[in-house]
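Written below as structure tokens is the structure these notes are about.
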Amino acid sequence: MLPEQSDVLWTFLAITFSVFALYVFANVVNHCREREDVGTTFWGGVFGAFLVVMFIETSTMMGMSQDEQMSFFFGKMVLTVLLLLLTWGVFFKSADIQDQSPPIIRAFFWWTTISVLLAGYTNWLPQQRSDPPPKAAAIVGEITMEEYAEMGRVIIFGAKQVAGQKAIGKGQCPLCHTFEAGNNIGRCPNLFGIGERGATRVKEERYLNEPVKVGEPEPATGVIKGSPQDVQEEYRREGAGGHDSMNSEDYIRESMMCPTCYVVKGFGGAGDLKSPMPIISKPPISLSPIEVNAVIAYLQSAETPGDFSAVTVPLPSADDGSTEEASGGDEEQPLFVTGSESIEEMINKLGCPLCHTIPGVEGAVGELGPPLHEKTNAMNRIKDPRYKGKATNTKEYVKESILDPSIYVVMNEGENELYPDGLMPPNFKNMLSVEALDKIVDFISETEAKG
């Protein structure tokens with residue numbers, strides 16, 4: 001069961017309790033009218049108050065998630081019903097009409113006991129998913145360049161477009177980049193035409209000297225700028241030489257593995273000296289050499305559909321391994337975090353380090369979103385006049401931010417502007433079990449800046 005879903009059983013019990021309270025109220029009023037010696041105003045007021053309380057509790061319960069519903073039901077609603085039954089018994093005793101106690105009281109006790117036992121049992125059962133088994137791996141060496149470029153498209157955009165959601169694949173590229181001619185409204189550069197543009201960019205004066213000079217290692221990654229022959233061996237282009245022999249393939253690969261080796265003007269932090277893009281060959285994205293080349297093949301051929309003459313990457317061989325992960329088949333399995341994973345695995349699987357700096361998670365140094373120092377920041381944000389959410393403490397704020405990220409957009413103090421709204425996916429509630437959500441909330445609620 002997923003967070004932000006109301007359990008049908010708890011909702012049904014709550015509504016039934018309210019209907020029962022209405023029945024009790026009507027029953028008491030009817031007895032009072034039949035007997036002049038019974039205080040109609042007093043008893044009508046008492047049971048009317050019970051009815052109002054029950055309606056309020058039912059209404060409150062409707063807006064809760066499943067785990068909150070169960071806690072509220074046993075903590076408040078059951079207590080209210082027990083008090084209602086006790087008071088109803090006192091009414092019959094005081095009016096000396098206990099022999100007229102309707103059979104529904106006994107039936108209600110039996111029904112409530114069975115329902116509560118059933119509810120407890122069904123919610124105790126382990127939560128499972130029944131995803132279809134993964135498809136068999138594609139046969140490496142028998143694919144065409146068209147199929148290889150298609151793998152790259154799937155890595156970027158995913159196998160299928162989901163209505164109302166941005167198309168995003170394993171590479172997470174569309175979170176920041178645009179890919180259509182003339183569309184320059186992304187957080188990072190438009191990649192249309194990068195296949196041709198990359199070959200000329202490496203000759204520009206700005207590329208030669210900023211943020212680091214050609215031939216020097218970039219501090220964060222250790223990658224030597226403008227030196228394809230020094231790229232990590234499994235990712236290296238066969239026959240790669242020095243800067244003078246760089247082509248668009250080398251430029252795209254360097255940009256993926258060392259984003260800060262060169263930052264396009266207007267798209268970086270610290271005066272365009274630091275790229276907000278994560279290193280795609282490392283967690284949480286961790287593209288393999290086959291996948292990196294597939295993305296390059298797609299980018300080099302995107303301008304000329306059906307024509308792959310500009311593609312310079314080779315087709316994978318049997319020695320390179322399987323293309324299963326890159327191809328994704330006809331249909332991708334939905335991303336789902338069960339809660340059985342380690343906290344670092346869960347956070348990386350959801351892609352949080354792409355945008356956030358998260359203390360305690362290796363490689364989580366994203367800068368597109370606010371740093372997650374929620375142990376110290378959460379309460380200050382709740383007090384912000386712009387805050388319109390319902391959280392009253394740190395854990396509630398963190399949970400709300402995960403499930404409804406647009407309810408409060410954090411101010412980027414360094415740039416004196418709000419972080420971009422809509423960048424964080426709004427559908428994490430469909431990717432997390434209740435257990436996983438609780439573990440992530442507990443972890444992030446304790447994160448704070450180092451030092």
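Following the order of the structure tokens, first chain is A, next is B, and so on, with residues numbered from 1 inside each chain and ligands from 1 in the order they appear.
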- Skipping near chain neighbours, those fewer than 3 positions away, what residues fall within 10 Å of Ser401 (chain A) using only C-alpha atoms, listed as a list in words? Gly389, Ala391, Lys395, Glu396, Tyr397, Val398, Asp404, Pro405, Ser406, Ile407, Tyr408, Val409, Met424, Pro426 and Val441 of chain A
- Test item: residues at most 10 Å from Gly239 (chain A), only C-alpha atoms, excluding those fewer than 4 positions along its chain, as an MDAnalysis selection string: chainID A and resid 228:229 245
- Item | Spatial neighbours of Leu79 (chain A), 12 Å, only C-alpha atoms, chain gap at least 5 places, as a PyMOL selection string | chain A and resi 17+50+53-54+57+72-74+84-86
Enumerate the residues of region 278-367 of chain A with a DSSP assignment of helix (DSSP H, G or I), computed from the backbone, and present them as an mmCIF file with C-alpha atoms, in the first residue's frame.
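To be explicit, this is the file written out as out.cif:
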data_model
loop_
_atom_site.group_PDB
_atom_site.id
_atom_site.type_symbol
_atom_site.label_atom_id
_atom_site.label_comp_id
_atom_site.auth_asym_id
_atom_site.auth_seq_id
_atom_site.Cartn_x
_atom_site.Cartn_y
_atom_site.Cartn_z
ATOM 1 C CA PRO A 289 30.112 2.367 -20.901
ATOM 2 C CA ILE A 290 27.509 0.780 -23.219
ATOM 3 C CA GLU A 291 24.866 3.203 -21.964
ATOM 4 C CA VAL A 292 27.123 6.251 -22.270
ATOM 5 C CA ASN A 293 27.873 5.383 -25.893
ATOM 6 C CA ALA A 294 24.175 4.760 -26.579
ATOM 7 C CA VAL A 295 23.343 8.266 -25.335
ATOM 8 C CA ILE A 296 26.121 9.710 -27.497
ATOM 9 C CA ALA A 297 24.775 7.802 -30.525
ATOM 10 C CA TYR A 298 21.315 9.284 -29.946
ATOM 11 C CA LEU A 299 22.615 12.839 -29.498
ATOM 12 C CA GLN A 300 24.780 12.600 -32.623
ATOM 13 C CA SER A 301 21.848 11.395 -34.739
ATOM 14 C CA ALA A 318 29.838 -9.455 -26.977
ATOM 15 C CA ASP A 319 32.850 -8.643 -24.775
ATOM 16 C CA ASP A 320 31.217 -5.390 -23.667
ATOM 17 C CA GLU A 324 19.488 -5.251 -21.432
ATOM 18 C CA GLU A 325 19.627 -2.299 -19.056
ATOM 19 C CA ALA A 326 20.058 0.159 -21.876
ATOM 20 C CA SER A 327 17.330 -1.214 -24.078
ATOM 21 C CA ILE A 343 18.963 4.357 3.260
ATOM 22 C CA GLU A 344 21.712 5.191 0.745
ATOM 23 C CA GLU A 345 20.283 2.720 -1.785
ATOM 24 C CA MET A 346 16.799 4.196 -1.399
ATOM 25 C CA ILE A 347 17.993 7.771 -1.832
ATOM 26 C CA ASN A 348 20.142 6.907 -4.851
ATOM 27 C CA LYS A 349 17.352 4.856 -6.431
ATOM 28 C CA LEU A 350 15.014 7.847 -6.230
ATOM 29 C CA CYS A 352 17.751 12.601 -4.843
ATOM 30 C CA PRO A 353 21.530 13.298 -5.173
ATOM 31 C CA LEU A 354 20.928 14.658 -8.692
#
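Proximity of A:Ile156, A:Ala240, A:Leu191, A:Pro283 to Glu362 (chain A), computed with only C-alpha atoms, is greatest for A:Pro283.
With only C-alpha atoms as the atoms that count, the residue of A:Glu415, A:Asp421, A:Thr178, A:Thr447 with the shortest distance to Ala270 (chain A) is A:Glu415.
Shortest separation to Gly186 (chain A) among A:Gly226, A:Gly152, A:Trp88, A:Pro420 occurs at residue A:Pro420, atoms counted being only C-alpha atoms.
Closest approach to Thr58 (chain A) among A:Val28, A:Ile15, A:Gln232, A:Val81 is made by A:Ile15 (distances from only C-alpha atoms).
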- Item | Separation of CA of Arg206 (chain A) from CA of Tyr262 (chain A) in Å |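 Interatomic distance, CA of Tyr262 (chain A) to CA of Arg206 (chain A): 8.5 Å.
Those residues that approach Lys282 (chain A) to within 12 Å, counting only C-alpha atoms, are A:Gly171, A:Thr221, A:Met256, A:Met257, A:Cys258, A:Met277, A:Pro278, A:Ile279, A:Ile285, A:Ser286, A:Leu287, A:Ser288, A:Pro289, A:Val292, A:Asn348, A:Gly351, A:Pro353, A:Leu354, A:Glu362, A:Gly363, A:Ala364, A:Val365; same-chain residues fewer than 3 positions away are not listed.
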- Task: Compare A:Ala181, A:Val361, A:Ile280, A:Leu13 by their minimum atom-to-atom distance to Met77 (chain A), counting only C-alpha atoms, and give me the closest one.
- Result: A:Leu13
- How many Å separate CA of Arg253 (chain A) from CA of Thr312 (chain A)?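 Rounded to one decimal, the two atoms are 11.9 Å apart.
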- Message: Please determine, counting only C-alpha atoms, which residue among A:Val214, A:Trp10, A:Phe443, A:Pro370 has the shortest atom-to-atom distance to Gln69 (chain A).
- Response: A:Trp10
